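One structure is given here, and the rest of the page talks about it.
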Amino acid sequence: MPDNLAKKPPSLAEVLRDSRWTCDLSDAELARVEAGIFERTIAAGHFACRKGEPVEHWLGVIDGLVKVSSDLDSGKTATLTGVPPGGWFGEGSMLKTDPRKYDAVALRESRIAYMRRETFQWLIDHSIGFNRFLLLQLNERLGQFIGLLESERLLDIDTRVARCLASLFNPVLYPGLGRRLAISQAELGYLAGVSRQRINRALKVLAEAGCLSVEYGGISIHDLDRLRRFGG
DNA sequence: TCATTAAATTGTT
DNA sequence: AACAATTTAATGA
């Protein structure tokens with residue numbers, strides 16, 4: 001275990017291979033899909049996609065970290081979810097013809113995959129595995145948002161941070177993700193909607209509870225179930 | 001390979 | 001919000 005912690009920037013092809021929705025595609029089909037995707041690097045603080053624009057792509061996080069949020073007219077911004085590497089989002093918008101309803105901001109420099117609408121549609125028409133993935137993902141997110149409702153009002157900060165982290169490590173939404181995630185406490189603060197200092201305190205509590213361990217520039221999950229159930 | 005430095009992140013007030 | 005301590009990455013001898 002000397003340097004398997006060394007970072008290796010994943011390629012688009014690797015991310016596709018590891019994505020659950022590509023499992024029943026032939027090599028030729030996978031190649032077709034890959035040809036319908038382009039990659040773009042988004043600088044920290046910049047938008048991977050914006051509310052109000054026509055929806056032309058389904059988005060995937062190859063590397064980095066993205067925050068999906070909704071900016072209210074009041075000027076306040078509500079974080080809906082964070083998307084770690086290996087995660088795909090925006091399928092809800094692809095299934096409608098309305099303009100996009102949410103923003104996606106790169107919390108740090110991130111590489112984003114953009115799948116064209118015609119490729120997305122082709123997958124729906126030809127791949128049962130892709131449809132199964134979409135159903136699973138939509139259902140999982142629905143549960144996540146329902147949980148977020150109680151989190152917002154009923155739970156203390158430590159528990160909210162726990163739920164936020166648990167959602168990032170959701171094995172259904174983000175399979176390829178391992179036990180460790182590179183995320184700073186500041187980034188986690190943006191996702192959970194609390195100050196970095198409060199995140200620091202919450203992480204100590206969660207580490208004390210045996211849910212995770214805090215590392216420089218990231219955290220490692222020890223007990224995902226315990227993290228999910230924390231405080232409630 | 002090692003020492004130095006800058007930048008990022010963390011821990012605390 | 002500010003500050004000090006710690007860790008990492010980059011640089012060059």
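Residues in the structure tokens are numbered from 1 in each chain, the chains being A, B, ... in the order shown, and ligands are numbered from 1 in the order shown.
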
Could you write out as a list in words the residues of chain A within 10 Å of chain C, counting only C-alpha atoms (C1' of nucleotides)?
->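 For chain A, the answer reads Glu215, Tyr216 and Gly217 of chain A.
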
Could those selected residues go to a file with all heavy atoms, as a JSON list (two decimals), in the first residue's frame?
[["chain", "number", "residue", "atom", "x", "y", "z"],
["A", 215, "GLU", "N", -9.28, 13.33, 7.46],
["A", 215, "GLU", "CA", -7.93, 13.37, 6.92],
["A", 215, "GLU", "C", -7.68, 14.73, 6.28],
["A", 215, "GLU", "O", -8.61, 15.51, 6.13],
["A", 215, "GLU", "CB", -7.74, 12.26, 5.87],
["A", 215, "GLU", "CG", -7.85, 10.86, 6.45],
["A", 215, "GLU", "CD", -8.32, 9.85, 5.42],
["A", 215, "GLU", "OE1", -8.26, 10.18, 4.23],
["A", 215, "GLU", "OE2", -8.78, 8.77, 5.83],
["A", 216, "TYR", "N", -6.45, 14.96, 5.93],
["A", 216, "TYR", "CA", -6.13, 16.23, 5.28],
["A", 216, "TYR", "C", -6.74, 16.25, 3.88],
["A", 216, "TYR", "O", -6.37, 15.44, 3.04],
["A", 216, "TYR", "CB", -4.62, 16.43, 5.21],
["A", 216, "TYR", "CG", -4.23, 17.76, 4.62],
["A", 216, "TYR", "CD1", -4.16, 18.89, 5.41],
["A", 216, "TYR", "CD2", -3.95, 17.88, 3.28],
["A", 216, "TYR", "CE1", -3.82, 20.11, 4.88],
["A", 216, "TYR", "CE2", -3.61, 19.10, 2.73],
["A", 216, "TYR", "CZ", -3.54, 20.20, 3.53],
["A", 216, "TYR", "OH", -3.19, 21.41, 2.99],
["A", 217, "GLY", "N", -7.63, 17.18, 3.66],
["A", 217, "GLY", "CA", -8.24, 17.32, 2.34],
["A", 217, "GLY", "C", -9.27, 16.27, 2.00],
["A", 217, "GLY", "O", -9.64, 16.13, 0.84]]

Check every residue of chain A for an atom within 10 Å of chain B, counting only C-alpha atoms (C1' of nucleotides), and provide those that qualify as a ChimeraX atom specification.
-> /A:184-186,196-197,200-201,215-218

Export, as a PDB file, in the first residue's frame, the selected residues with all heavy atoms.
ATOM      1  N   SER A 184     -12.750  19.152   1.000  1.00  0.00           N
ATOM      2  CA  SER A 184     -12.284  19.971   2.117  1.00  0.00           C
ATOM      3  C   SER A 184     -13.465  20.316   3.020  1.00  0.00           C
ATOM      4  O   SER A 184     -14.627  20.210   2.623  1.00  0.00           O
ATOM      5  CB  SER A 184     -11.638  21.248   1.596  1.00  0.00           C
ATOM      6  OG  SER A 184     -12.619  22.119   1.083  1.00  0.00           O
ATOM      7  N   GLN A 185     -13.152  20.737   4.218  1.00  0.00           N
ATOM      8  CA  GLN A 185     -14.217  21.085   5.148  1.00  0.00           C
ATOM      9  C   GLN A 185     -14.953  22.336   4.674  1.00  0.00           C
ATOM     10  O   GLN A 185     -16.139  22.508   4.946  1.00  0.00           O
ATOM     11  CB  GLN A 185     -13.642  21.274   6.552  1.00  0.00           C
ATOM     12  CG  GLN A 185     -13.016  19.992   7.077  1.00  0.00           C
ATOM     13  CD  GLN A 185     -12.385  20.149   8.444  1.00  0.00           C
ATOM     14  OE1 GLN A 185     -12.535  21.184   9.088  1.00  0.00           O
ATOM     15  NE2 GLN A 185     -11.687  19.117   8.893  1.00  0.00           N
ATOM     16  N   ALA A 186     -14.249  23.179   3.940  1.00  0.00           N
ATOM     17  CA  ALA A 186     -14.902  24.364   3.384  1.00  0.00           C
ATOM     18  C   ALA A 186     -15.937  23.947   2.333  1.00  0.00           C
ATOM     19  O   ALA A 186     -17.058  24.460   2.312  1.00  0.00           O
ATOM     20  CB  ALA A 186     -13.854  25.291   2.765  1.00  0.00           C
ATOM     21  N   ARG A 196     -17.611  26.600   7.947  1.00  0.00           N
ATOM     22  CA  ARG A 196     -16.507  25.643   7.978  1.00  0.00           C
ATOM     23  C   ARG A 196     -16.161  25.260   9.413  1.00  0.00           C
ATOM     24  O   ARG A 196     -15.839  24.113   9.708  1.00  0.00           O
ATOM     25  CB  ARG A 196     -15.284  26.260   7.285  1.00  0.00           C
ATOM     26  CG  ARG A 196     -14.083  25.367   7.260  1.00  0.00           C
ATOM     27  CD  ARG A 196     -12.929  26.021   6.550  1.00  0.00           C
ATOM     28  NE  ARG A 196     -12.353  27.121   7.301  1.00  0.00           N
ATOM     29  CZ  ARG A 196     -11.533  26.959   8.333  1.00  0.00           C
ATOM     30  NH1 ARG A 196     -11.228  25.741   8.733  1.00  0.00           N
ATOM     31  NH2 ARG A 196     -11.019  27.986   8.960  1.00  0.00           N
ATOM     32  N   GLN A 197     -16.233  26.243  10.293  1.00  0.00           N
ATOM     33  CA  GLN A 197     -15.926  25.957  11.698  1.00  0.00           C
ATOM     34  C   GLN A 197     -16.898  24.945  12.280  1.00  0.00           C
ATOM     35  O   GLN A 197     -16.515  24.053  13.037  1.00  0.00           O
ATOM     36  CB  GLN A 197     -15.984  27.251  12.526  1.00  0.00           C
ATOM     37  CG  GLN A 197     -14.889  28.233  12.194  1.00  0.00           C
ATOM     38  CD  GLN A 197     -15.291  29.180  11.076  1.00  0.00           C
ATOM     39  OE1 GLN A 197     -16.088  28.812  10.220  1.00  0.00           O
ATOM     40  NE2 GLN A 197     -14.739  30.376  11.081  1.00  0.00           N
ATOM     41  N   ASN A 200     -16.130  21.547  11.080  1.00  0.00           N
ATOM     42  CA  ASN A 200     -14.996  20.986  11.812  1.00  0.00           C
ATOM     43  C   ASN A 200     -15.457  20.334  13.112  1.00  0.00           C
ATOM     44  O   ASN A 200     -15.020  19.224  13.451  1.00  0.00           O
ATOM     45  CB  ASN A 200     -14.000  22.110  12.113  1.00  0.00           C
ATOM     46  CG  ASN A 200     -12.723  21.590  12.722  1.00  0.00           C
ATOM     47  OD1 ASN A 200     -12.604  21.542  13.934  1.00  0.00           O
ATOM     48  ND2 ASN A 200     -11.792  21.170  11.894  1.00  0.00           N
ATOM     49  N   ARG A 201     -16.341  21.006  13.827  1.00  0.00           N
ATOM     50  CA  ARG A 201     -16.857  20.437  15.075  1.00  0.00           C
ATOM     51  C   ARG A 201     -17.676  19.179  14.808  1.00  0.00           C
ATOM     52  O   ARG A 201     -17.534  18.170  15.504  1.00  0.00           O
ATOM     53  CB  ARG A 201     -17.725  21.476  15.798  1.00  0.00           C
ATOM     54  CG  ARG A 201     -16.943  22.397  16.711  1.00  0.00           C
ATOM     55  CD  ARG A 201     -17.814  23.501  17.260  1.00  0.00           C
ATOM     56  NE  ARG A 201     -19.020  22.999  17.919  1.00  0.00           N
ATOM     57  CZ  ARG A 201     -20.066  23.754  18.247  1.00  0.00           C
ATOM     58  NH1 ARG A 201     -20.043  25.032  17.962  1.00  0.00           N
ATOM     59  NH2 ARG A 201     -21.108  23.234  18.838  1.00  0.00           N
ATOM     60  N   GLU A 215      -9.279  13.334   7.457  1.00  0.00           N
ATOM     61  CA  GLU A 215      -7.930  13.371   6.919  1.00  0.00           C
ATOM     62  C   GLU A 215      -7.682  14.728   6.279  1.00  0.00           C
ATOM     63  O   GLU A 215      -8.613  15.511   6.127  1.00  0.00           O
ATOM     64  CB  GLU A 215      -7.745  12.257   5.873  1.00  0.00           C
ATOM     65  CG  GLU A 215      -7.853  10.862   6.454  1.00  0.00           C
ATOM     66  CD  GLU A 215      -8.324   9.852   5.424  1.00  0.00           C
ATOM     67  OE1 GLU A 215      -8.255  10.176   4.234  1.00  0.00           O
ATOM     68  OE2 GLU A 215      -8.778   8.774   5.826  1.00  0.00           O
ATOM     69  N   TYR A 216      -6.453  14.960   5.931  1.00  0.00           N
ATOM     70  CA  TYR A 216      -6.130  16.227   5.278  1.00  0.00           C
ATOM     71  C   TYR A 216      -6.735  16.249   3.877  1.00  0.00           C
ATOM     72  O   TYR A 216      -6.374  15.439   3.035  1.00  0.00           O
ATOM     73  CB  TYR A 216      -4.622  16.425   5.213  1.00  0.00           C
ATOM     74  CG  TYR A 216      -4.233  17.757   4.617  1.00  0.00           C
ATOM     75  CD1 TYR A 216      -4.164  18.891   5.412  1.00  0.00           C
ATOM     76  CD2 TYR A 216      -3.951  17.878   3.276  1.00  0.00           C
ATOM     77  CE1 TYR A 216      -3.818  20.108   4.878  1.00  0.00           C
ATOM     78  CE2 TYR A 216      -3.606  19.099   2.725  1.00  0.00           C
ATOM     79  CZ  TYR A 216      -3.536  20.203   3.527  1.00  0.00           C
ATOM     80  OH  TYR A 216      -3.193  21.414   2.990  1.00  0.00           O
ATOM     81  N   GLY A 217      -7.628  17.176   3.655  1.00  0.00           N
ATOM     82  CA  GLY A 217      -8.238  17.316   2.339  1.00  0.00           C
ATOM     83  C   GLY A 217      -9.265  16.269   2.000  1.00  0.00           C
ATOM     84  O   GLY A 217      -9.644  16.134   0.837  1.00  0.00           O
ATOM     85  N   GLY A 218      -9.733  15.531   2.975  1.00  0.00           N
ATOM     86  CA  GLY A 218     -10.743  14.520   2.666  1.00  0.00           C
ATOM     87  C   GLY A 218     -11.212  13.787   3.901  1.00  0.00           C
ATOM     88  O   GLY A 218     -10.747  14.055   5.016  1.00  0.00           O
TER      89      GLY A 218
END

Write out as a ChimeraX atom specification all residues of range 109-197 of chain A that DSSP puts in strand (DSSP E or B) for this structure's backbone.
-> /A:110-116,180-181

Would you give me, as a ChimeraX atom specification, the residues in range 26-116 of chain A that DSSP reads as helix (DSSP H, G or I)?
-> /A:27-35,91-94

Limited to C-alpha atoms, could you put the picked residues into a file as a compact mmCIF listing (two decimals), in the first residue's frame?
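This went into selection_8.txt:
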# COMPACT_ATOMS: atom_id res chain seq x y z
CA ASP A 27 -18.30 -2.44 -27.14
CA ALA A 28 -19.71 -0.92 -30.31
CA GLU A 29 -22.60 0.65 -28.43
CA LEU A 30 -20.29 1.98 -25.75
CA ALA A 31 -18.14 3.53 -28.44
CA ARG A 32 -21.22 5.14 -29.95
CA VAL A 33 -22.16 6.57 -26.57
CA GLU A 34 -18.66 7.84 -25.94
CA ALA A 35 -18.73 9.59 -29.28
CA GLU A 91 -31.79 13.45 -16.28
CA GLY A 92 -34.96 15.05 -14.93
CA SER A 93 -34.44 18.04 -17.15
CA MET A 94 -33.63 15.83 -20.14

Please identify all polymer residues within 6 Å of Val61 in chain A, counting only C-alpha atoms (C1' of nucleotides), omitting same-chain residues fewer than 6 positions from it, and present them as a ChimeraX atom specification.
-> /A:85-87,112

Output file for the selection above: N, CA and C atoms, as a tab-separated table (two decimals), in the first residue's frame:
chain	number	residue	atom	x	y	z
A	85	PRO	N	-17.30	12.59	-7.96
A	85	PRO	CA	-16.87	11.93	-9.20
A	85	PRO	C	-17.63	10.62	-9.43
A	86	GLY	N	-18.01	10.37	-10.66
A	86	GLY	CA	-18.76	9.16	-10.98
A	86	GLY	C	-20.27	9.38	-10.99
A	87	GLY	N	-20.70	10.56	-10.51
A	87	GLY	CA	-22.12	10.85	-10.45
A	87	GLY	C	-22.63	11.51	-11.72
A	112	ILE	N	-16.15	17.82	-16.44
A	112	ILE	CA	-17.55	17.44	-16.60
A	112	ILE	C	-17.76	16.80	-17.97

Quick one: residues within 6 Å of Ile219 in chain A, only C-alpha atoms (C1' of nucleotides) counted, chain neighbours fewer than 6 positions away excluded, as a PyMOL selection string?
-> chain A and resi 180-181+213

Computed gap from CA of Ala113 in chain A to CA of Glu39 in chain A is 4.5 Å

May I have the residues within 9 Å of Gly210 in chain A as a ChimeraX atom specification, using only C-alpha atoms (C1' of nucleotides) and disregarding those fewer than 6 positions away in the same chain?
-> /A:222-223,226-227

Those selected residues, please, written with all heavy atoms and delivered as a compact mmCIF listing (two decimals), in the first residue's frame.
# COMPACT_ATOMS: atom_id res chain seq x y z
N HIS A 222 -16.14 5.00 7.65
CA HIS A 222 -15.91 3.71 8.28
C HIS A 222 -17.19 2.91 8.39
O HIS A 222 -17.19 1.70 8.25
CB HIS A 222 -15.30 3.90 9.68
CG HIS A 222 -13.91 4.46 9.63
ND1 HIS A 222 -13.26 4.94 10.75
CD2 HIS A 222 -13.06 4.63 8.60
CE1 HIS A 222 -12.06 5.37 10.41
NE2 HIS A 222 -11.91 5.20 9.11
N ASP A 223 -18.29 3.61 8.68
CA ASP A 223 -19.56 2.92 8.88
C ASP A 223 -20.69 3.75 8.28
O ASP A 223 -21.20 4.66 8.94
CB ASP A 223 -19.79 2.69 10.37
CG ASP A 223 -20.95 1.74 10.62
OD1 ASP A 223 -21.86 1.67 9.77
OD2 ASP A 223 -20.95 1.07 11.67
N ARG A 226 -24.10 3.61 10.10
CA ARG A 226 -24.12 4.39 11.34
C ARG A 226 -24.20 5.88 11.03
O ARG A 226 -24.87 6.64 11.73
CB ARG A 226 -22.86 4.08 12.15
CG ARG A 226 -22.87 4.71 13.53
CD ARG A 226 -21.61 4.38 14.31
NE ARG A 226 -21.45 2.94 14.50
CZ ARG A 226 -20.45 2.38 15.15
NH1 ARG A 226 -19.51 3.15 15.66
NH2 ARG A 226 -20.36 1.08 15.28
N LEU A 227 -23.52 6.28 9.96
CA LEU A 227 -23.58 7.68 9.55
C LEU A 227 -24.99 8.07 9.15
O LEU A 227 -25.48 9.15 9.49
CB LEU A 227 -22.61 7.90 8.38
CG LEU A 227 -22.40 9.34 7.91
CD1 LEU A 227 -21.77 10.18 9.00
CD2 LEU A 227 -21.55 9.37 6.65
